[in-house]
Amino acid sequence: MAPSATSTRRAARPVQVAIGPHGLAGDLAVPEHARGFVMFAHGSGSSRFSPRNRYVADVLHQNDLATLLIDLLTPQEEAIDDVTGRIRFDIGLLANRLVALRDWAQTVPELRDLEIGLFGASTGGGAALLAAAERPHDFHAVVSRGGRPDLAGPALARVLAPTLLIVGERDEMVIELNTRAVAQMRAEVRLEIVPRATHLFEEPGALEEVARLAADWFTSHLGHEG
């Protein structure tokens, strides 16, 4: 069970982002002195209401990072996906949505001057890395929680953003996938294994460690020009 949120994320406001003919629902929180902007890509079957991602977003907000929790599928696509289970694994589609969200951020006055990071969970980790590969100069840091970097395929070699891969010690298959990804990447990359944690980081202290690692990574790699 995720820790309860105790930060000022109540300041988050709902946003509706038009991506071509599609509308994506999200929650945007921008601290007064934001040093960077982190967009979240949740895992398959999850949503912007994921308690784990919301907890991490709270911690990032406390570290002066703006955050966007957003559903990368429209309600219509989610309804189809509930039946087929296919769209959630369309990593190319999800990555394209992240790229489009980056372009949208450039139209928002309080975001346009901020360097952008990506936080991906599970399959969202693959989408985040593919987006970073497609726009290597537009994304400045990536963090993957229990992610599937293998879903980005050969694009991993094109990622320039410093990347932190966080995996639970008991998530053995995902550790193997992330270890292989490290060998394929040319960007700065670090693999952190959280002791005693499983895939969802539900063990006491595990999610807190994920949030701490992510906050340290983003604050170290975003906002150097500000």
# chains A, B, ... in the order shown; residues from 1 in each chain; ligands from 1

$ closest_atom_pairs --of "region 112-194 of chain A" --to "region 53-72 of chain A" --cutoff "10 Å" --atoms "only C-alpha atoms" --output "Markdown table"
| residue | atom | partner | partner_atom | distance |
| --- | --- | --- | --- | --- |
| A:Leu114 | CA | A:Ala66 | CA | 8.9 |
| A:Ile116 | CA | A:Ala66 | CA | 9.4 |
| A:Gly117 | CA | A:Thr67 | CA | 9.4 |
| A:Leu118 | CA | A:Thr67 | CA | 9.6 |
| A:Phe119 | CA | A:Asn53 | CA | 8.8 |
| A:Gly120 | CA | A:Asn53 | CA | 9.1 |
| A:Ala121 | CA | A:Asn53 | CA | 8.0 |
| A:Gly124 | CA | A:Leu72 | CA | 9.7 |
| A:Arg145 | CA | A:Asn53 | CA | 9.5 |

$ residues_around --residues "Val189 (chain A)" --least-positions-apart "4" --cutoff "9 Å" --atoms "only C-alpha atoms" --output "PyMOL selection string"
chain A and resi 161-165+182+185

$ write_last_selection --atoms "N, CA and C atoms" --output "short mmCIF file (atom, residue, chain, number, x, y, z; two decimals), in the first residue's frame"
data_model
loop_
_atom_site.label_atom_id
_atom_site.label_comp_id
_atom_site.auth_asym_id
_atom_site.auth_seq_id
_atom_site.Cartn_x
_atom_site.Cartn_y
_atom_site.Cartn_z
N ALA A 161 19.35 11.43 -22.63
CA ALA A 161 19.01 11.91 -21.29
C ALA A 161 19.58 11.00 -20.21
N PRO A 162 20.19 11.54 -19.17
CA PRO A 162 20.63 10.71 -18.04
C PRO A 162 19.46 9.89 -17.51
N THR A 163 19.66 8.61 -17.33
CA THR A 163 18.56 7.69 -17.02
C THR A 163 18.83 6.90 -15.76
N LEU A 164 17.83 6.88 -14.87
CA LEU A 164 17.88 6.09 -13.64
C LEU A 164 16.84 4.98 -13.74
N LEU A 165 17.30 3.74 -13.61
CA LEU A 165 16.41 2.58 -13.65
C LEU A 165 16.29 2.03 -12.24
N VAL A 182 20.84 -1.48 -19.68
CA VAL A 182 22.04 -0.71 -19.31
C VAL A 182 23.16 -0.97 -20.30
N MET A 185 22.62 1.05 -23.60
CA MET A 185 22.50 2.50 -23.59
C MET A 185 23.87 3.18 -23.59
#

$ select_by_dssp --residues "region 54-210 of chain A" --states "strand (DSSP E)" --output "list in words"
Leu65, Ala66, Thr67, Leu68, Leu69, Ile70, Ile116, Gly117, Leu118, Phe119, Gly120, Ala121, Ala141, Val142, Val143, Ser144, Arg145, Thr163, Leu164, Leu165, Ile166, Val167, Gly168, Val189, Arg190, Leu191, Glu192, Ile193 and Val194 of chain A

$ closest_residue --among "A:Arg135, A:Arg196, A:His22, A:Arg158" --to "Pro75 (chain A)" --atoms "only C-alpha atoms"
A:His22

$ select_by_dssp --residues "chain A" --states "helix (DSSP H, G or I)" --output "JSON, numbers by chain"
{"A": [9, 10, 11, 51, 52, 53, 54, 55, 56, 57, 58, 59, 60, 61, 62, 75, 76, 77, 78, 79, 80, 81, 82, 83, 84, 87, 88, 89, 91, 92, 93, 94, 95, 96, 97, 98, 99, 100, 101, 102, 103, 104, 105, 123, 124, 125, 126, 127, 128, 129, 130, 131, 132, 133, 134, 149, 150, 151, 152, 153, 154, 155, 156, 157, 158, 172, 173, 174, 175, 176, 177, 178, 179, 180, 181, 182, 183, 184, 206, 207, 208, 209, 210, 211, 212, 213, 214, 215, 216, 217, 218, 219, 220, 221]}

$ residues_around --residues "Leu156 (chain A)" --least-positions-apart "4" --cutoff "12 Å" --atoms "only C-alpha atoms" --output "number ranges by chain"
A: 125-134, 136, 142, 148-152, 160-163, 178, 180-189

$ residues_around --residues "Arg102 (chain A)" --least-positions-apart "5" --cutoff "9 Å" --atoms "only C-alpha atoms" --output "PyMOL selection string"
chain A and resi 39+97+116+138-139

$ decode --residues "region 204-221 of chain A" --atoms "N, CA and C atoms" --output "PDB file, in the first residue's frame"
ATOM      1  N   PRO A 204       7.211  -2.036   3.228  1.00  0.00           N
ATOM      2  CA  PRO A 204       7.476  -0.840   4.030  1.00  0.00           C
ATOM      3  C   PRO A 204       8.784  -0.152   3.630  1.00  0.00           C
ATOM      4  N   GLY A 205       8.679   1.124   3.333  1.00  0.00           N
ATOM      5  CA  GLY A 205       9.853   1.920   2.988  1.00  0.00           C
ATOM      6  C   GLY A 205      10.275   1.867   1.532  1.00  0.00           C
ATOM      7  N   ALA A 206       9.720   0.937   0.752  1.00  0.00           N
ATOM      8  CA  ALA A 206      10.190   0.764  -0.634  1.00  0.00           C
ATOM      9  C   ALA A 206       9.817   1.947  -1.519  1.00  0.00           C
ATOM     10  N   LEU A 207       8.560   2.366  -1.454  1.00  0.00           N
ATOM     11  CA  LEU A 207       8.139   3.471  -2.312  1.00  0.00           C
ATOM     12  C   LEU A 207       8.787   4.779  -1.885  1.00  0.00           C
ATOM     13  N   GLU A 208       8.993   4.943  -0.589  1.00  0.00           N
ATOM     14  CA  GLU A 208       9.712   6.123  -0.111  1.00  0.00           C
ATOM     15  C   GLU A 208      11.112   6.186  -0.717  1.00  0.00           C
ATOM     16  N   GLU A 209      11.754   5.020  -0.837  1.00  0.00           N
ATOM     17  CA  GLU A 209      13.096   4.989  -1.434  1.00  0.00           C
ATOM     18  C   GLU A 209      13.030   5.323  -2.916  1.00  0.00           C
ATOM     19  N   VAL A 210      12.016   4.817  -3.603  1.00  0.00           N
ATOM     20  CA  VAL A 210      11.833   5.168  -5.017  1.00  0.00           C
ATOM     21  C   VAL A 210      11.700   6.682  -5.171  1.00  0.00           C
ATOM     22  N   ALA A 211      10.848   7.278  -4.353  1.00  0.00           N
ATOM     23  CA  ALA A 211      10.616   8.722  -4.446  1.00  0.00           C
ATOM     24  C   ALA A 211      11.879   9.515  -4.136  1.00  0.00           C
ATOM     25  N   ARG A 212      12.632   9.057  -3.142  1.00  0.00           N
ATOM     26  CA  ARG A 212      13.877   9.747  -2.792  1.00  0.00           C
ATOM     27  C   ARG A 212      14.874   9.681  -3.942  1.00  0.00           C
ATOM     28  N   LEU A 213      15.028   8.493  -4.517  1.00  0.00           N
ATOM     29  CA  LEU A 213      15.957   8.328  -5.635  1.00  0.00           C
ATOM     30  C   LEU A 213      15.545   9.184  -6.831  1.00  0.00           C
ATOM     31  N   ALA A 214      14.253   9.190  -7.128  1.00  0.00           N
ATOM     32  CA  ALA A 214      13.759   9.975  -8.265  1.00  0.00           C
ATOM     33  C   ALA A 214      13.975  11.463  -8.034  1.00  0.00           C
ATOM     34  N   ALA A 215      13.660  11.938  -6.823  1.00  0.00           N
ATOM     35  CA  ALA A 215      13.838  13.358  -6.531  1.00  0.00           C
ATOM     36  C   ALA A 215      15.301  13.765  -6.643  1.00  0.00           C
ATOM     37  N   ASP A 216      16.190  12.931  -6.135  1.00  0.00           N
ATOM     38  CA  ASP A 216      17.618  13.229  -6.228  1.00  0.00           C
ATOM     39  C   ASP A 216      18.070  13.290  -7.684  1.00  0.00           C
ATOM     40  N   TRP A 217      17.583  12.345  -8.491  1.00  0.00           N
ATOM     41  CA  TRP A 217      17.993  12.286  -9.900  1.00  0.00           C
ATOM     42  C   TRP A 217      17.519  13.517 -10.661  1.00  0.00           C
ATOM     43  N   PHE A 218      16.233  13.841 -10.503  1.00  0.00           N
ATOM     44  CA  PHE A 218      15.695  14.978 -11.250  1.00  0.00           C
ATOM     45  C   PHE A 218      16.303  16.298 -10.768  1.00  0.00           C
ATOM     46  N   THR A 219      16.471  16.480  -9.483  1.00  0.00           N
ATOM     47  CA  THR A 219      17.050  17.743  -9.019  1.00  0.00           C
ATOM     48  C   THR A 219      18.508  17.881  -9.423  1.00  0.00           C
ATOM     49  N   SER A 220      19.165  16.757  -9.660  1.00  0.00           N
ATOM     50  CA  SER A 220      20.567  16.797 -10.113  1.00  0.00           C
ATOM     51  C   SER A 220      20.684  17.085 -11.597  1.00  0.00           C
ATOM     52  N   HIS A 221      19.655  16.751 -12.374  1.00  0.00           N
ATOM     53  CA  HIS A 221      19.786  16.832 -13.836  1.00  0.00           C
ATOM     54  C   HIS A 221      18.849  17.830 -14.506  1.00  0.00           C
TER      55      HIS A 221
END
